[in-house]
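Content type CSV, C-alpha atoms, from the file final_35.csv:
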```
chain,number,residue,atom,x,y,z
A,1,MET,CA,0.0,0.0,0.0
A,2,ILE,CA,1.2,3.5,-0.8
A,3,ASN,CA,0.4,6.3,1.6
A,4,PRO,CA,0.7,9.5,-0.4
A,5,GLU,CA,1.2,11.5,2.8
A,6,ALA,CA,4.7,10.0,3.1
A,7,PHE,CA,5.6,11.9,-0.1
A,8,PHE,CA,4.9,15.2,1.7
A,9,LYS,CA,7.8,14.6,4.1
A,10,ILE,CA,10.3,15.0,1.2
A,11,SER,CA,11.8,18.5,1.4
A,12,TYR,CA,11.2,20.8,-1.5
A,13,GLY,CA,11.5,24.5,-2.4
A,14,LEU,CA,9.1,26.5,-4.6
A,15,TYR,CA,10.5,28.1,-7.7
A,16,LEU,CA,9.4,30.1,-10.7
A,17,VAL,CA,10.7,28.5,-13.9
A,18,SER,CA,10.5,30.7,-17.1
A,19,SER,CA,11.5,30.4,-20.7
A,20,ALA,CA,11.0,32.0,-24.1
A,21,ASN,CA,11.3,31.0,-27.8
A,22,GLY,CA,10.9,33.8,-30.2
A,23,THR,CA,7.7,35.6,-29.3
A,24,ARG,CA,6.4,32.8,-27.2
A,25,ARG,CA,7.1,32.9,-23.4
A,26,SER,CA,5.7,31.2,-20.4
A,27,GLY,CA,6.5,30.1,-16.9
A,28,TYR,CA,5.3,27.9,-14.1
A,29,ILE,CA,5.7,27.3,-10.3
A,30,SER,CA,7.9,24.2,-9.7
A,31,ASN,CA,8.9,22.3,-6.6
A,32,THR,CA,11.3,20.1,-8.5
A,33,VAL,CA,14.5,22.2,-9.1
A,34,PHE,CA,17.6,20.6,-7.7
A,35,GLN,CA,21.4,20.5,-8.2
A,36,VAL,CA,22.8,17.4,-9.8
A,37,THR,CA,26.5,18.2,-10.3
A,38,ALA,CA,28.9,20.7,-8.8
A,39,GLU,CA,31.5,21.0,-11.5
A,40,PRO,CA,30.2,22.1,-13.9
A,41,PRO,CA,27.2,23.3,-11.9
A,42,GLN,CA,24.1,21.6,-13.3
A,43,PHE,CA,20.5,21.7,-12.2
A,44,ALA,CA,17.5,19.6,-13.2
A,45,ILE,CA,13.8,20.5,-13.4
A,46,ALA,CA,10.7,18.4,-14.0
A,47,CYS,CA,7.9,19.9,-16.2
A,48,SER,CA,4.6,18.3,-17.2
A,49,LYS,CA,4.2,17.6,-20.9
A,50,ASN,CA,0.8,19.4,-20.6
A,51,ASN,CA,2.5,22.6,-19.5
A,52,TYR,CA,2.9,25.2,-22.3
A,53,THR,CA,6.3,26.0,-20.8
A,54,SER,CA,7.6,22.5,-21.6
A,55,GLU,CA,7.0,23.2,-25.3
A,56,ILE,CA,8.9,26.4,-25.1
A,57,ILE,CA,11.8,24.9,-23.1
A,58,SER,CA,12.1,22.0,-25.5
A,59,ALA,CA,12.2,24.4,-28.5
A,60,ALA,CA,14.5,27.0,-26.9
A,61,GLY,CA,16.8,24.8,-24.9
A,62,LYS,CA,17.0,27.3,-22.1
A,63,PHE,CA,15.2,28.4,-19.0
A,64,ALA,CA,15.5,30.7,-15.9
A,65,VAL,CA,14.8,29.9,-12.3
A,66,SER,CA,13.6,32.5,-9.7
A,67,VAL,CA,14.0,31.3,-6.1
A,68,LEU,CA,11.0,32.6,-4.4
A,69,LYS,CA,11.0,34.4,-1.0
A,70,MET,CA,9.0,32.9,1.9
A,71,ASP,CA,6.5,35.7,1.7
A,72,ALA,CA,6.1,35.6,-2.1
A,73,GLY,CA,2.7,37.1,-3.1
A,74,ALA,CA,-0.3,34.9,-3.6
A,75,SER,CA,-1.1,36.6,-6.9
A,76,LEU,CA,2.4,35.7,-8.2
A,77,ILE,CA,1.9,32.0,-7.3
A,78,GLY,CA,-1.7,32.1,-8.6
A,79,THR,CA,-0.6,33.5,-12.0
A,80,PHE,CA,2.2,31.1,-12.6
A,81,GLY,CA,0.9,28.1,-10.7
A,82,TYR,CA,-2.7,27.9,-11.7
A,83,ARG,CA,-3.1,29.7,-15.1
A,84,SER,CA,-2.1,28.6,-18.6
A,85,GLY,CA,0.4,30.5,-20.7
A,86,ARG,CA,-1.6,29.5,-23.7
A,87,GLU,CA,-4.5,31.6,-22.6
A,88,SER,CA,-2.9,34.6,-21.0
A,89,ASP,CA,0.3,36.5,-20.8
A,90,LYS,CA,1.6,35.6,-17.3
A,91,PHE,CA,4.4,38.2,-17.6
A,92,ALA,CA,2.1,41.2,-17.9
A,93,GLY,CA,2.9,43.6,-15.1
A,94,MET,CA,5.9,41.6,-13.9
A,95,VAL,CA,9.4,43.0,-13.2
A,96,LEU,CA,11.5,41.2,-15.8
A,97,LYS,CA,15.2,40.9,-16.5
A,98,THR,CA,16.9,39.5,-19.6
A,99,GLY,CA,20.2,37.8,-19.1
A,100,VAL,CA,22.8,35.9,-21.0
A,101,THR,CA,20.4,33.2,-22.3
A,102,GLY,CA,17.7,35.5,-23.4
A,103,ALA,CA,15.1,33.8,-21.2
A,104,PRO,CA,12.8,36.1,-19.3
A,105,ILE,CA,13.7,36.2,-15.6
A,106,VAL,CA,10.9,37.1,-13.1
A,107,MET,CA,12.3,39.4,-10.4
A,108,ASN,CA,9.2,39.7,-8.3
A,109,ASP,CA,9.6,38.2,-4.9
A,110,ALA,CA,12.9,36.5,-6.0
A,111,LEU,CA,15.8,36.1,-3.6
A,112,ALA,CA,18.1,34.5,-6.2
A,113,ILE,CA,18.0,33.8,-9.9
A,114,MET,CA,19.7,31.4,-12.3
A,115,GLU,CA,20.0,31.0,-16.1
A,116,CYS,CA,20.4,27.6,-17.6
A,117,THR,CA,20.9,25.8,-21.0
A,118,VAL,CA,19.5,22.4,-21.4
A,119,VAL,CA,22.1,19.6,-22.0
A,120,GLN,CA,19.9,16.6,-21.7
A,121,THR,CA,16.2,15.8,-21.7
A,122,ILE,CA,14.7,12.6,-20.2
A,123,ASP,CA,11.2,11.4,-20.9
A,124,LEU,CA,9.5,10.4,-17.6
A,125,GLY,CA,6.1,9.6,-19.1
A,126,THR,CA,3.9,12.4,-17.8
A,127,HIS,CA,6.8,14.8,-17.3
A,128,LEU,CA,10.1,15.8,-18.9
A,129,LEU,CA,13.2,16.0,-16.8
A,130,TYR,CA,15.5,18.8,-18.1
A,131,ILE,CA,19.2,18.6,-17.0
A,132,ALA,CA,20.9,22.0,-17.6
A,133,LYS,CA,24.2,23.8,-17.2
A,134,VAL,CA,24.1,26.9,-15.2
A,135,GLU,CA,25.2,29.9,-17.3
A,136,ALA,CA,24.7,32.6,-14.7
A,137,ALA,CA,23.5,32.9,-11.1
A,138,GLU,CA,22.8,36.0,-8.9
A,139,LEU,CA,21.9,36.4,-5.3
A,140,ILE,CA,19.3,39.2,-5.0
A,141,ASP,CA,18.3,39.3,-1.4
A,142,PRO,CA,20.9,37.4,0.9
A,143,GLY,CA,18.8,37.9,4.0
A,144,ALA,CA,15.5,36.5,2.7
A,145,GLU,CA,14.3,33.0,3.5
A,146,PRO,CA,13.3,30.8,0.6
A,147,LEU,CA,9.7,29.6,0.3
A,148,THR,CA,9.4,25.8,1.0
A,149,TYR,CA,6.8,23.4,-0.1
A,150,ALA,CA,6.3,22.4,3.5
A,151,HIS,CA,5.5,26.0,4.4
A,152,TYR,CA,3.2,26.3,1.4
A,153,ARG,CA,1.2,23.3,2.5
A,154,SER,CA,1.1,23.7,6.2
A,155,VAL,CA,0.9,27.5,6.6
A,156,ARG,CA,-0.7,28.7,3.4
A,157,LYS,CA,-2.7,25.5,3.0
A,158,GLY,CA,-1.7,25.4,-0.7
A,159,LYS,CA,-2.3,22.4,-3.0
A,160,ALA,CA,-0.1,21.2,-5.8
A,161,PRO,CA,-1.5,22.1,-9.3
A,162,LYS,CA,-2.7,19.2,-11.4
A,163,ASN,CA,0.4,19.1,-13.6
A,164,ALA,CA,2.8,19.1,-10.6
A,165,PRO,CA,4.8,15.9,-10.0
A,166,THR,CA,3.5,16.0,-6.4
A,167,TYR,CA,-0.2,16.3,-7.3
A,168,ILE,CA,-2.6,14.0,-5.5
A,169,ASP,CA,-6.3,13.7,-6.5
A,170,PRO,CA,-8.0,15.3,-3.5
A,171,GLU,CA,-11.1,13.1,-3.8
A,172,LYS,CA,-8.9,10.0,-3.5
A,173,LEU,CA,-7.1,11.4,-0.5
A,174,GLU,CA,-10.3,12.5,1.2
A,175,ALA,CA,-11.8,9.1,0.8
A,176,ARG,CA,-8.7,7.4,2.2
A,177,LEU,CA,-8.6,9.7,5.2
A,178,LYS,CA,-12.4,9.3,5.7
A,179,GLN,CA,-12.7,12.9,6.8
A,180,PRO,CA,-16.0,14.1,8.4
A,181,ARG,CA,-18.2,16.1,6.0
A,182,TYR,CA,-19.0,19.7,6.7
A,183,PRO,CA,-19.6,22.8,4.6
A,184,SER,CA,-16.6,24.9,3.5
A,185,TYR,CA,-15.7,27.3,0.8
A,186,TYR,CA,-13.2,26.5,-1.9
A,187,CYS,CA,-11.3,28.5,-4.5
A,188,PRO,CA,-12.2,27.4,-8.0
A,189,ALA,CA,-8.8,28.5,-9.3
A,190,CYS,CA,-6.4,26.6,-7.1
A,191,GLY,CA,-8.5,24.3,-4.9
A,192,TYR,CA,-7.7,26.0,-1.6
A,193,VAL,CA,-10.4,25.3,1.0
A,194,TYR,CA,-11.3,27.9,3.6
A,195,VAL,CA,-12.3,26.1,6.8
A,196,PRO,CA,-13.9,28.4,9.4
A,197,ALA,CA,-12.5,26.3,12.3
A,198,ASN,CA,-9.0,27.0,11.0
A,199,GLY,CA,-9.4,30.6,9.8
A,200,ASP,CA,-6.5,32.2,7.8
A,201,GLU,CA,-4.0,33.3,10.4
A,202,ALA,CA,-1.4,34.2,7.8
A,203,SER,CA,-3.8,36.9,6.6
A,204,GLY,CA,-4.9,37.9,10.2
A,205,ILE,CA,-8.1,35.9,10.2
A,206,PRO,CA,-8.5,34.0,13.5
A,207,PRO,CA,-9.9,30.5,13.8
A,208,GLY,CA,-13.6,30.4,14.1
A,209,THR,CA,-14.3,33.2,11.6
A,210,ARG,CA,-17.2,32.3,9.4
A,211,PHE,CA,-16.7,32.8,5.6
A,212,GLU,CA,-19.5,35.3,5.6
A,213,ASP,CA,-17.6,37.4,8.2
A,214,LEU,CA,-14.4,37.6,6.1
A,215,PRO,CA,-13.6,41.1,4.9
A,216,ASP,CA,-14.9,41.8,1.4
A,217,ASP,CA,-11.4,42.4,0.2
A,218,TRP,CA,-10.1,39.1,1.5
A,219,VAL,CA,-8.5,36.9,-1.2
A,220,CYS,CA,-7.3,33.3,-1.5
A,221,PRO,CA,-4.0,33.1,0.3
A,222,VAL,CA,-2.7,30.7,-2.3
A,223,CYS,CA,-3.5,32.3,-5.6
A,224,GLY,CA,-5.2,35.7,-4.9
A,225,THR,CA,-8.7,34.8,-6.1
A,226,PRO,CA,-11.3,37.2,-4.7
A,227,LYS,CA,-13.7,36.1,-1.9
A,228,GLU,CA,-16.7,36.7,-4.2
A,229,ASP,CA,-15.5,33.9,-6.5
A,230,PHE,CA,-15.4,31.2,-3.8
A,231,VAL,CA,-18.0,28.5,-3.9
A,232,ILE,CA,-19.5,26.3,-1.2
A,233,LYS,CA,-18.5,22.7,-1.0
A,234,THR,CA,-19.2,19.9,1.4
A,235,ILE,CA,-16.0,18.0,2.4
```
Would you mind writing the file's structure down as structure tokens?
Amino acid sequence: MINPEAFFKISYGLYLVSSANGTRRSGYISNTVFQVTAEPPQFAIACSKNNYTSEIISAAGKFAVSVLKMDAGASLIGTFGYRSGRESDKFAGMVLKTGVTGAPIVMNDALAIMECTVVQTIDLGTHLLYIAKVEAAELIDPGAEPLTYAHYRSVRKGKAPKNAPTYIDPEKLEARLKQPRYPSYYCPACGYVYVPANGDEASGIPPGTRFEDLPDDWVCPVCGTPKEDFVIKTI
């Protein structure tokens, strides 16, 4: 038997991976960015074949990585984590930098950045693993703490997007845990569930606060979706 909760104990960071090929550009939030060699420095990333960004990286052979700060904005994560680059320009309004590879580097909430060129691609079935040589790296904010997947899950109550390697079908997980059923409100964009008993302490909302009593300008702490767009759900 496989208990998917065991997977959550593996340590990850959260990063913004971006690329461009001609006029096409896109990016996504990734928790699989890791160093594989020291000399020369090489990193690997995993990207779903369904992601528009994978098409661009495969064609361009380059990508940039923005290491996100612990307090990275929900709107940034929502834009790059839960929207498709085929349907919208994720980079609109972002602070961008173009480096040696030509890939767009997102500077918003970044504490470090890297530029890489792909040297090998491995087909993993649902995902592609890109192994790349680091061409340039810069430390932007040495005093900032990086955002971790553990913090994202436990504090922000975030969930992995469907194309993420760590995605788990919430209905299957719910059935296995046999959770009690009670009405809650969920975000249609990212799947975040607001549970009144838990509140949203990261946004200053104490436990026990009813959804109806949330401020009108309250937004999803994961992706920035407005309160008015939330829908009721029994879980």
* To do: Skip Ala103 (chain A) itself and residues of its chain fewer than 5 positions away, then list as a PyMOL selection string all residues within 6 Å of it, counting only C-alpha atoms.
  => chain A and resi 19-20+63
* To do: With a distance cut-off of 7 Å and all atoms listed in the file, select the neighbouring residues of region 3-13 of chain A, excluding the residue or stretch itself and same-chain residues fewer than 2 positions from it, and output the selection as an MDAnalysis selection string.
  => chainID A and resid 1 15 31 147:149
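Between CA of Tyr28 (chain A) and CA of Phe230 (chain A) the interatomic distance comes to 23.4 Å.
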* **Spatial neighbours of Pro215 (chain A), max dist 12 Å, all atoms listed in the file, sep filter under 3 positions, as a PyMOL selection string** => chain A and resi 200+203-205+209-212+218-220+226-228
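Among the candidate residues A:Asp123, A:Glu115, A:Asp71, A:Glu87, the one lying nearest to Ala144 (chain A) is A:Asp71, with distances computed using only C-alpha atoms.
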* Pick out the residues sitting within 10 Å of Leu14 (chain A), and hand them over as an NGL selection string; count all atoms listed in the file, and ignore anything fewer than 5 positions along from it in its own chain. => :A and (29-33 or 66-70 or 72 or 77 or 146-152)
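Using all atoms listed in the file, the smallest distance between any of A:Gly199, A:Pro104, A:Pro188, A:Gly125 and Gly27 (chain A) comes from A:Pro104.
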* Nearest candidate to Gly22 (chain A) (options A:Ile57, A:Cys47, A:Val36, A:Met114; using only C-alpha atoms) ->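 Nearest candidate to Gly22 (chain A) out of A:Ile57, A:Cys47, A:Val36, A:Met114: A:Ile57.
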* Asked: To one decimal place, how far is CA of Met94 (chain A) from CA of Gly191 (chain A) in Å?
  -> 24.2 Å
* Mind pulling up the distance from CA of Glu145 (chain A) to CA of Val119 (chain A)? ->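 Here the two named atoms are 29.8 Å from each other.
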* In terms of the shortest atom-to-atom distance over only C-alpha atoms, which of A:Ile232, A:Ile56, A:Ala197, A:Val95 is closest to Ser184 (chain A)? ->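 Smallest distance to Ser184 (chain A) is found for A:Ile232.
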Could you name the residues that touch Leu128 (chain A) at 10 Å or less, counting all atoms listed in the file, but leaving out those on the same chain fewer than 2 positions away, as a CSV table (one decimal) with C-alpha atoms, in the frame of the given file?
```
chain,number,residue,atom,x,y,z
A,45,ILE,CA,13.8,20.5,-13.4
A,46,ALA,CA,10.7,18.4,-14.0
A,47,CYS,CA,7.9,19.9,-16.2
A,48,SER,CA,4.6,18.3,-17.2
A,49,LYS,CA,4.2,17.6,-20.9
A,54,SER,CA,7.6,22.5,-21.6
A,58,SER,CA,12.1,22.0,-25.5
A,121,THR,CA,16.2,15.8,-21.7
A,122,ILE,CA,14.7,12.6,-20.2
A,123,ASP,CA,11.2,11.4,-20.9
A,124,LEU,CA,9.5,10.4,-17.6
A,125,GLY,CA,6.1,9.6,-19.1
A,126,THR,CA,3.9,12.4,-17.8
A,130,TYR,CA,15.5,18.8,-18.1
A,131,ILE,CA,19.2,18.6,-17.0
```
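Distances from A:Gln120, A:Asn21, A:Thr225, A:Gln35 to Thr101 (chain A) were compared using all atoms listed in the file, and the smallest one belongs to A:Asn21.
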